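Chemist: Next comes final_24.txt, compact mmCIF, C-alpha atoms:
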# COMPACT_ATOMS: atom_id res chain seq x y z
CA MET A 1 4.40 31.77 -5.05
CA ILE A 2 0.83 32.94 -4.69
CA GLU A 3 0.49 36.71 -4.64
CA GLY A 4 -0.85 38.07 -1.37
CA ILE A 5 -0.53 34.92 0.75
CA PRO A 6 2.40 34.77 3.16
CA ILE A 7 4.12 31.47 3.88
CA GLN A 8 2.84 31.52 7.47
CA HIS A 9 -0.77 30.94 6.41
CA PHE A 10 0.12 27.73 4.60
CA LEU A 11 2.19 26.56 7.54
CA ILE A 12 -0.64 27.26 9.99
CA VAL A 13 -3.07 25.22 7.88
CA SER A 14 -0.67 22.27 7.71
CA THR A 15 0.11 22.54 11.44
CA ILE A 16 -3.54 22.38 12.43
CA MET A 17 -4.07 19.44 10.08
CA PHE A 18 -1.07 17.63 11.58
CA PHE A 19 -2.33 18.01 15.13
CA ILE A 20 -5.87 17.00 14.15
CA GLY A 21 -4.25 13.82 12.86
CA VAL A 22 -2.32 13.34 16.11
CA ALA A 23 -5.47 13.87 18.20
CA GLY A 24 -7.36 11.36 16.04
CA PHE A 25 -4.52 8.88 16.45
CA ILE A 26 -4.88 9.15 20.23
CA MET A 27 -8.68 9.24 20.43
CA ARG A 28 -9.80 6.53 18.04
CA ARG A 29 -9.89 2.84 18.87
CA ASN A 30 -10.56 1.36 15.47
CA LEU A 31 -7.51 0.35 13.41
CA ILE A 32 -8.81 1.73 10.12
CA THR A 33 -9.59 5.15 11.59
CA ILE A 34 -6.10 5.20 13.10
CA LEU A 35 -4.78 4.53 9.61
CA MET A 36 -6.83 7.47 8.31
CA ALA A 37 -5.31 9.71 11.01
CA ILE A 38 -1.84 8.64 9.84
CA GLU A 39 -2.79 9.58 6.28
CA LEU A 40 -3.80 13.04 7.54
CA ILE A 41 -0.42 13.45 9.24
CA LEU A 42 1.52 12.38 6.13
CA ASN A 43 -0.55 14.70 3.97
CA SER A 44 0.17 17.73 6.17
CA VAL A 45 3.91 16.94 6.09
CA ASN A 46 3.66 16.80 2.31
CA ILE A 47 2.13 20.27 2.21
CA ASN A 48 5.04 21.53 4.33
CA PHE A 49 7.64 20.06 1.96
CA VAL A 50 5.99 21.61 -1.09
CA ILE A 51 5.49 25.00 0.57
CA PHE A 52 9.09 25.29 1.76
CA ASN A 53 10.29 24.39 -1.71
CA ARG A 54 7.99 26.87 -3.43
CA TYR A 55 8.48 29.85 -1.13
CA LEU A 56 12.08 29.58 0.10
CA TYR A 57 13.99 27.67 -2.61
CA PRO A 58 12.12 28.12 -5.90
CA ASP A 59 15.32 27.48 -7.92
CA GLN A 60 15.34 23.79 -6.93
CA LEU A 61 12.80 20.97 -6.84
CA GLN A 62 13.98 19.06 -3.79
CA GLY A 63 10.87 19.49 -1.64
CA HIS A 64 8.76 18.49 -4.61
CA PHE A 65 10.65 15.21 -5.00
CA PHE A 66 10.52 14.47 -1.29
CA ALA A 67 6.76 14.99 -1.37
CA ILE A 68 6.51 12.48 -4.24
CA PHE A 69 8.60 9.95 -2.30
CA VAL A 70 6.45 10.45 0.79
CA VAL A 71 3.35 9.70 -1.29
CA GLY A 72 4.98 6.47 -2.47
CA ILE A 73 5.89 5.44 1.06
CA ALA A 74 2.35 6.26 2.23
CA ALA A 75 0.92 3.99 -0.46
CA ALA A 76 3.22 1.12 0.55
CA GLU A 77 2.41 1.61 4.23
CA ALA A 78 -1.34 1.69 3.61
CA SER A 79 -1.28 -1.51 1.56
CA VAL A 80 0.73 -3.45 4.19
CA ALA A 81 -1.39 -2.05 7.03
CA ILE A 82 -4.63 -3.04 5.34
CA ALA A 83 -3.33 -6.54 4.66
CA LEU A 84 -2.52 -6.82 8.38
CA ILE A 85 -5.93 -5.44 9.36
CA ILE A 86 -7.77 -7.93 7.17
CA ASN A 87 -5.71 -10.77 8.62
CA ILE A 88 -6.45 -9.62 12.18
CA TYR A 89 -10.16 -9.40 11.35
CA ARG A 90 -10.09 -12.98 10.09
CA LYS A 91 -8.61 -14.21 13.35
CA LEU A 92 -10.47 -12.02 15.87
CA LYS A 93 -13.66 -10.88 14.03
CA ASN A 94 -12.98 -7.41 15.40
CA ILE A 95 -10.40 -4.70 14.71
CA ASP A 96 -10.34 -2.59 17.87
CA VAL A 97 -6.87 -1.83 19.20
CA GLU A 98 -7.62 -3.35 22.60
CA ASN A 99 -8.00 -6.81 21.11
CA VAL A 100 -4.83 -6.81 19.03
CA ASN A 101 -2.67 -7.79 22.02
CA GLU A 102 -4.18 -11.25 21.70
CA LEU A 103 -1.72 -11.74 18.85
CA ARG A 104 1.16 -11.77 21.32
CA TYR A 105 3.07 -14.98 21.14
CA MET B 1 -8.74 40.40 -3.22
CA SER B 2 -7.74 38.28 -6.13
CA PHE B 3 -9.28 34.99 -7.13
CA ASN B 4 -6.18 33.02 -6.05
CA VAL B 5 -6.45 34.29 -2.49
CA ILE B 6 -10.15 33.42 -2.30
CA MET B 7 -9.45 29.92 -3.59
CA PHE B 8 -6.64 29.47 -1.05
CA TYR B 9 -8.90 30.31 1.87
CA LEU B 10 -11.68 28.12 0.45
CA PHE B 11 -9.35 25.11 0.16
CA SER B 12 -7.93 25.75 3.63
CA ALA B 13 -11.42 25.87 5.11
CA ILE B 14 -12.33 22.60 3.35
CA ILE B 15 -9.13 20.94 4.62
CA LEU B 16 -9.62 22.02 8.23
CA VAL B 17 -13.36 21.30 8.49
CA PHE B 18 -13.23 17.92 6.81
CA SER B 19 -10.11 16.72 8.62
CA LEU B 20 -11.88 17.54 11.89
CA LEU B 21 -14.92 15.61 10.66
CA THR B 22 -12.70 12.68 9.64
CA ILE B 23 -11.60 12.03 13.20
CA THR B 24 -14.94 12.81 14.86
CA SER B 25 -17.44 11.08 12.58
CA ARG B 26 -19.06 8.05 14.16
CA ARG B 27 -19.72 6.28 10.88
CA ILE B 28 -16.51 4.92 9.42
CA LEU B 29 -17.54 5.08 5.75
CA ARG B 30 -18.37 8.76 6.13
CA ALA B 31 -14.97 9.31 7.74
CA ALA B 32 -13.34 7.79 4.65
CA VAL B 33 -15.32 10.07 2.33
CA TYR B 34 -14.34 13.13 4.42
CA LEU B 35 -10.72 12.02 4.10
CA LEU B 36 -11.23 11.96 0.33
CA PHE B 37 -12.43 15.60 0.43
CA VAL B 38 -9.34 16.60 2.44
CA LEU B 39 -7.01 14.96 -0.08
CA ILE B 40 -8.76 16.57 -3.06
CA ALA B 41 -8.57 20.01 -1.44
CA THR B 42 -4.83 19.43 -0.89
CA ALA B 43 -4.48 18.66 -4.58
CA GLY B 44 -6.22 22.00 -5.21
CA LEU B 45 -3.55 23.74 -3.11
CA TYR B 46 -0.83 22.11 -5.24
CA PHE B 47 -2.58 23.35 -8.38
CA LEU B 48 -2.60 26.87 -6.90
CA LEU B 49 1.16 26.61 -6.36
CA GLU B 50 1.60 25.58 -10.02
CA TYR B 51 2.93 22.13 -9.17
CA GLN B 52 0.71 20.29 -11.61
CA PHE B 53 2.60 17.01 -11.48
CA MET B 54 2.44 16.88 -7.69
CA ALA B 55 -1.29 17.60 -7.81
CA ALA B 56 -1.81 14.81 -10.34
CA VAL B 57 0.16 12.38 -8.16
CA GLN B 58 -1.93 13.44 -5.18
CA LEU B 59 -5.19 12.88 -7.05
CA THR B 60 -4.29 9.52 -8.58
CA LEU B 61 -2.32 7.91 -5.76
CA TYR B 62 -3.96 9.35 -2.64
CA ALA B 63 -7.50 10.18 -3.69
CA GLY B 64 -7.71 7.41 -6.24
CA GLY B 65 -5.62 4.68 -4.69
CA ILE B 66 -5.38 4.86 -0.93
CA VAL B 67 -8.96 6.00 -0.30
CA VAL B 68 -10.34 3.22 -2.48
CA LEU B 69 -8.13 0.74 -0.59
CA ILE B 70 -9.43 2.05 2.75
CA ILE B 71 -13.05 1.91 1.59
CA PHE B 72 -12.60 -1.68 0.42
CA SER B 73 -11.12 -2.70 3.74
CA ILE B 74 -14.00 -0.97 5.56
CA LEU B 75 -16.51 -2.89 3.50
CA LEU B 76 -14.66 -6.13 4.22
CA THR B 77 -14.52 -5.61 7.98
CA HIS B 78 -17.61 -3.59 9.02
CA HIS B 79 -21.34 -3.64 8.74
CA ILE B 80 -22.46 -0.63 6.78
CA THR B 81 -24.77 0.57 9.54
CA HIS B 82 -22.19 0.19 12.29
CA ARG B 83 -21.72 3.22 14.56
CA PHE B 84 -18.85 3.71 16.93
CA LYS B 85 -19.33 4.15 20.63
CA HIS B 86 -18.25 7.50 21.99
CA PRO B 87 -14.56 7.44 22.98
CA ASP B 88 -13.59 7.45 26.66
CA MET B 89 -13.48 10.80 28.36
CA THR B 90 -9.79 10.44 29.34
CA LYS B 91 -8.74 9.63 25.77
CA LEU B 92 -10.84 12.51 24.45
CA ILE B 93 -9.28 14.99 26.87
CA MET B 94 -5.77 13.67 26.22
CA GLY B 95 -6.13 13.87 22.45
CA ALA B 96 -7.71 17.30 22.48
CA SER B 97 -5.12 18.71 24.87
CA VAL B 98 -2.20 17.28 22.89
CA GLY B 99 -3.67 18.78 19.71
CA LEU B 100 -4.36 22.18 21.24
CA VAL B 101 -1.05 22.55 23.08
CA GLY B 102 1.03 21.21 20.19
CA SER B 103 -0.61 23.39 17.57
CA ALA B 104 -0.41 26.47 19.84
CA VAL B 105 3.34 25.99 20.38
CA THR B 106 3.99 25.32 16.69
CA ILE B 107 1.90 28.25 15.46
CA TYR B 108 3.64 30.56 17.94
CA THR B 109 7.00 29.40 16.59
CA ILE B 110 5.90 29.89 12.98
CA LEU B 111 4.60 33.40 13.64
CA THR B 112 7.75 34.53 15.43
CA TYR B 113 10.31 32.98 13.06
CA PRO B 114 11.73 35.51 10.56
CA PHE B 115 11.26 33.84 7.19
CA PRO B 116 13.38 35.41 4.42
CA GLN B 117 11.29 37.61 2.15
CA ALA B 118 11.23 37.65 -1.64
CA THR B 119 14.16 35.57 -2.85
CA THR B 120 15.79 36.93 -5.97
CA VAL B 121 16.80 33.60 -7.55
CA THR B 122 15.31 32.61 -10.89
CA GLU B 123 12.45 30.18 -10.52
CA LEU B 124 12.76 26.66 -11.85
CA PRO B 125 9.33 25.73 -13.19
CA ALA B 126 8.11 22.25 -12.28
CA THR B 127 7.58 21.10 -15.84
CA MET B 128 7.62 17.44 -16.79
CA GLU B 129 10.99 17.95 -18.48
CA ASN B 130 12.68 19.29 -15.35
CA ILE B 131 11.06 16.67 -13.15
CA GLY B 132 12.10 13.82 -15.43
CA THR B 133 15.71 14.91 -15.85
CA GLN B 134 16.18 15.53 -12.13
CA LEU B 135 14.38 12.37 -11.00
CA LEU B 136 16.71 10.16 -13.05
CA GLY B 137 19.79 12.40 -12.89
CA VAL B 138 23.06 11.32 -11.29
CA GLU B 139 24.78 14.72 -11.12
CA LYS B 140 23.90 17.61 -8.78
CA ASN B 141 20.18 17.78 -7.97
CA GLY B 142 19.73 14.24 -9.25
CA PHE B 143 17.42 11.89 -7.39
CA VAL B 144 18.14 8.51 -8.95
CA LEU B 145 19.22 6.85 -5.67
CA PRO B 146 15.97 7.52 -3.72
CA PHE B 147 14.06 6.62 -6.88
CA GLU B 148 15.67 3.17 -6.98
CA LEU B 149 15.27 2.76 -3.22
CA ILE B 150 11.57 3.50 -3.38
CA SER B 151 11.09 1.10 -6.27
CA ILE B 152 12.62 -1.70 -4.16
CA LEU B 153 10.50 -0.60 -1.18
CA LEU B 154 7.32 -0.75 -3.25
CA LEU B 155 8.21 -4.22 -4.56
CA ALA B 156 8.89 -5.44 -1.01
CA ALA B 157 5.64 -3.92 0.27
CA MET B 158 3.66 -5.54 -2.54
CA VAL B 159 5.14 -8.98 -1.85
CA ALA B 160 4.59 -8.50 1.90
CA ALA B 161 0.97 -7.46 1.47
CA ILE B 162 0.21 -10.48 -0.70
CA VAL B 163 1.95 -12.89 1.69
CA ILE B 164 0.24 -11.44 4.78
CA ALA B 165 -3.28 -11.30 3.35
CA LYS B 166 -3.12 -14.72 1.69
CA LYS B 167 -5.32 -17.33 3.32
CA GLU B 168 -3.34 -20.02 5.08
CA LYS B 169 -3.75 -23.47 3.66
CA ASP B 170 -5.79 -25.70 5.88
CA LYS B 171 -3.28 -28.40 6.78
CA ASN B 172 -5.87 -31.00 7.70
CA ALA B 173 -7.90 -30.60 4.54
CA GLU B 174 -7.83 -33.29 1.90
CA ILE B 175 -6.04 -32.28 -1.25
For this file, produce the structure as structure tokens.
Modeler:
Amino acid sequence: MIEGIPIQHFLIVSTIMFFIGVAGFIMRRNLITILMAIELILNSVNINFVIFNRYLYPDQLQGHFFAIFVVGIAAAEASVAIALIINIYRKLKNIDVENVNELRY
Amino acid sequence: MSFNVIMFYLFSAIILVFSLLTITSRRILRAAVYLLFVLIATAGLYFLLEYQFMAAVQLTLYAGGIVVLIIFSILLTHHITHRFKHPDMTKLIMGASVGLVGSAVTIYTILTYPFPQATTVTELPATMENIGTQLLGVEKNGFVLPFELISILLLAAMVAAIVIAKKEKDKNAEI
């Protein structure tokens, strides 16, 4: 626990970061920037896990482990998403979300 | 005001400013670099909380791995001088209003919720020894099942990424 900083300040920072990610997810049209917005969202959730562990249950490490697992899942998701994006670019020469519906069968 | 508090507000300011720049920048490579700054500042927060292992994972996997992957895919799919068009007004208003309303509701809830103050339990330091024994433990507070699950998930994701990104063989080509 950091002396002099209440838990609410951390939670406010991660909340604002989460909703910046959500707004970016809605506003952007490029697939890679949407992926970056998802990374922002996952990162803010990670901060929440670690903060709740550190401030409310410092005798356990459960939030810490969940944050590590979330990082692993984020890595897997990013690799598969980028493979898909590169494949879409090869077929369509363009990676805006409006064009992806051409992949419908 | 102690040094820790100053560093916390510095890292928070870096996180907020650069995450805003990440979603508003019109050059995609700059957006990726701003995302890198956000992730490094988050690792700084973990260092402040004395979770060194988590901070190291954040630096190596997120800042080192995912950002490099994103930058590579940008270089494969974009011209370096490419600039985005401005987003539509409706999408801009929708995104901004969802962000503002959602964060206002959540911050109001956080500020009114009575969090318990000053727990008296003994702290368990996040040393490598504790992390290792709990990550592979099978008794109480053991995490061996999610550990094995995530190893299978990573293997599946790796195979899937290779299969998806592999170039299809041209069936008409001469062997």
Chemist: Do you know which residues are at most 7 Å from segment 3-16 of chain B counting only C-alpha atoms, after dropping those on the same chain fewer than 4 positions away, and could you put them as a list in words?
Modeler: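 Using only C-alpha atoms, the neighbours found are Gly4, Ile5, Val13 and Met17 of chain A; Leu20, Val38, Ala41, Gly44 and Leu45 of chain B.
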Chemist: If we count all atoms listed in the file, what is near Leu76 of chain B at a cut-off of 8 Å, once residues fewer than 3 positions away on the same chain are taken out, given as a list in words?
Modeler: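 Counting only the stated atoms, we get Ile86 of chain A; Phe72 and Ser73 of chain B.
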Chemist: Which residue is closest to chain B? Choose from A:Lys91, A:Ile73, A:Ala23, A:Phe52 and count all atoms listed in the file.
Modeler: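 Among the listed residues, A:Ala23 lies closest to chain B.
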Chemist: Please, what distance in Å, to one decimal, runs between atom CA of Arg27 of chain B and atom CA of Asn101 of chain A?
Modeler: 24.8 Å
Chemist: Determine the nearest neighbour of Ala55 of chain B from the options B:Asn141, B:Thr112, B:Thr42, B:Ser19, counting all atoms listed in the file.
Modeler: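 Closest residue, counting all atoms listed in the file: B:Thr42.
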Chemist: Find the residue from A:Ile95, A:Ile85, A:Val71, A:Val45 that sits nearest to Gly65 of chain B; use all atoms listed in the file when measuring.
Modeler: A:Val71
Chemist: Grab the atom CA of Tyr57 of chain A to atom CA of Ile150 of chain B distance for me, in Å with one decimal place.
Modeler: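 One can read the atom CA of Tyr57 of chain A to atom CA of Ile150 of chain B distance as 24.3 Å.
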Chemist: I'd like the neighbourhood of Gly142 of chain B as an MDAnalysis selection string, where a residue qualifies if any of its atoms comes within 10 Å (using only C-alpha atoms), though same-chain residues fewer than 4 positions away should be ignored.
Modeler: (chainID A and resid 61:62) or (chainID B and resid 131:138 146:147)
Chemist: Looking at all atoms listed in the file, which of B:Asn130, B:Thr109, B:Thr77, B:Gln117 is the one that sits closest to Asn94 of chain A?
Modeler: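 Smallest separation from Asn94 of chain A among the options: B:Thr77.
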Chemist: Taking every listed atom of segment 94-98 of chain A and adding 6 Å to each side, what centre and edge lengths in Å (one decimal) does the axis-aligned box have, as lines of an AutoDock Vina configuration file?
Modeler:
center_x = -9.9
center_y = -4.6
center_z = 18.7
size_x = 18.1
size_y = 17.6
size_z = 19.9
Chemist: For chain B, which residue among A:Leu92, A:Leu31, A:Val97, A:Leu56 is the nearest when counting all atoms listed in the file?
Modeler: A:Leu56
Chemist: Out of A:Ile16, A:Ala67, A:Ile51, A:Ala76, which residue has the shortest atom-to-atom distance to Glu50 of chain B when counting all atoms listed in the file?
Modeler: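 Of the candidates, the smallest distance to Glu50 of chain B is held by A:Ile51.
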Chemist: What does the distance between atom CA of Phe69 of chain A and atom CA of Phe143 of chain B come to in Å, to one decimal place?
Modeler: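 Separation of atom CA of Phe69 of chain A and atom CA of Phe143 of chain B: 10.4 Å.
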Chemist: Using all atoms listed in the file, what residues lie at most 12 Å away from (-21.3, 5.7, 16.2) (file coordinates), given as a VMD selection string?
Modeler: (chain A and resid 28 30) or (chain B and resid 23 to 31 79 to 87)
Chemist: Could you list, as number ranges by chain, every residue within 12 Å of Leu69 of chain B, counting all atoms listed in the file and ignoring same-chain residues fewer than 3 positions away?
Modeler: A: 32, 35-36, 75-83, 85-86; B: 32, 36, 61-66, 72-76
Chemist: With N, CA and C atoms as the goal, would you fill in the gaps in segment 115-134 of chain B and present it as a PDB file, in the coordinates of the input?
Modeler:
ATOM      1  N   PHE B 115      11.022  34.483   8.488  1.00  0.00           N
ATOM      2  CA  PHE B 115      11.260  33.840   7.190  1.00  0.00           C
ATOM      3  C   PHE B 115      11.850  34.859   6.232  1.00  0.00           C
ATOM      4  N   PRO B 116      12.814  34.460   5.391  1.00  0.00           N
ATOM      5  CA  PRO B 116      13.380  35.410   4.420  1.00  0.00           C
ATOM      6  C   PRO B 116      12.328  35.815   3.398  1.00  0.00           C
ATOM      7  N   GLN B 117      12.297  37.094   3.086  1.00  0.00           N
ATOM      8  CA  GLN B 117      11.290  37.610   2.150  1.00  0.00           C
ATOM      9  C   GLN B 117      11.857  37.644   0.734  1.00  0.00           C
ATOM     10  N   ALA B 118      11.006  37.344  -0.228  1.00  0.00           N
ATOM     11  CA  ALA B 118      11.230  37.650  -1.640  1.00  0.00           C
ATOM     12  C   ALA B 118      12.623  37.290  -2.127  1.00  0.00           C
ATOM     13  N   THR B 119      12.878  35.997  -2.295  1.00  0.00           N
ATOM     14  CA  THR B 119      14.160  35.570  -2.850  1.00  0.00           C
ATOM     15  C   THR B 119      14.310  36.069  -4.276  1.00  0.00           C
ATOM     16  N   THR B 120      15.556  36.335  -4.658  1.00  0.00           N
ATOM     17  CA  THR B 120      15.790  36.930  -5.970  1.00  0.00           C
ATOM     18  C   THR B 120      16.217  35.890  -7.002  1.00  0.00           C
ATOM     19  N   VAL B 121      16.328  34.608  -6.605  1.00  0.00           N
ATOM     20  CA  VAL B 121      16.800  33.600  -7.550  1.00  0.00           C
ATOM     21  C   VAL B 121      15.765  33.395  -8.647  1.00  0.00           C
ATOM     22  N   THR B 122      16.243  32.906  -9.801  1.00  0.00           N
ATOM     23  CA  THR B 122      15.310  32.610 -10.890  1.00  0.00           C
ATOM     24  C   THR B 122      14.557  31.326 -10.569  1.00  0.00           C
ATOM     25  N   GLU B 123      13.256  31.347 -10.828  1.00  0.00           N
ATOM     26  CA  GLU B 123      12.450  30.180 -10.520  1.00  0.00           C
ATOM     27  C   GLU B 123      12.697  29.067 -11.514  1.00  0.00           C
ATOM     28  N   LEU B 124      12.687  27.833 -10.994  1.00  0.00           N
ATOM     29  CA  LEU B 124      12.760  26.660 -11.850  1.00  0.00           C
ATOM     30  C   LEU B 124      11.353  26.092 -11.959  1.00  0.00           C
ATOM     31  N   PRO B 125      10.703  26.213 -13.105  1.00  0.00           N
ATOM     32  CA  PRO B 125       9.330  25.730 -13.190  1.00  0.00           C
ATOM     33  C   PRO B 125       9.278  24.220 -13.114  1.00  0.00           C
ATOM     34  N   ALA B 126       8.235  23.698 -12.470  1.00  0.00           N
ATOM     35  CA  ALA B 126       8.110  22.250 -12.280  1.00  0.00           C
ATOM     36  C   ALA B 126       7.449  21.629 -13.496  1.00  0.00           C
ATOM     37  N   THR B 127       8.133  21.738 -14.644  1.00  0.00           N
ATOM     38  CA  THR B 127       7.580  21.100 -15.840  1.00  0.00           C
ATOM     39  C   THR B 127       7.968  19.628 -15.841  1.00  0.00           C
ATOM     40  N   MET B 128       7.306  18.866 -16.704  1.00  0.00           N
ATOM     41  CA  MET B 128       7.620  17.440 -16.790  1.00  0.00           C
ATOM     42  C   MET B 128       9.061  17.223 -17.194  1.00  0.00           C
ATOM     43  N   GLU B 129       9.607  18.124 -18.020  1.00  0.00           N
ATOM     44  CA  GLU B 129      10.990  17.950 -18.480  1.00  0.00           C
ATOM     45  C   GLU B 129      11.962  18.062 -17.317  1.00  0.00           C
ATOM     46  N   ASN B 130      11.803  19.114 -16.511  1.00  0.00           N
ATOM     47  CA  ASN B 130      12.680  19.290 -15.350  1.00  0.00           C
ATOM     48  C   ASN B 130      12.533  18.139 -14.365  1.00  0.00           C
ATOM     49  N   ILE B 131      11.278  17.743 -14.107  1.00  0.00           N
ATOM     50  CA  ILE B 131      11.060  16.670 -13.150  1.00  0.00           C
ATOM     51  C   ILE B 131      11.703  15.374 -13.625  1.00  0.00           C
ATOM     52  N   GLY B 132      11.539  15.057 -14.909  1.00  0.00           N
ATOM     53  CA  GLY B 132      12.100  13.820 -15.430  1.00  0.00           C
ATOM     54  C   GLY B 132      13.610  13.806 -15.404  1.00  0.00           C
ATOM     55  N   THR B 133      14.249  14.914 -15.826  1.00  0.00           N
ATOM     56  CA  THR B 133      15.710  14.910 -15.850  1.00  0.00           C
ATOM     57  C   THR B 133      16.290  14.889 -14.447  1.00  0.00           C
ATOM     58  N   GLN B 134      15.616  15.546 -13.489  1.00  0.00           N
ATOM     59  CA  GLN B 134      16.180  15.530 -12.130  1.00  0.00           C
ATOM     60  C   GLN B 134      15.887  14.220 -11.421  1.00  0.00           C
TER      61      GLN B 134
END
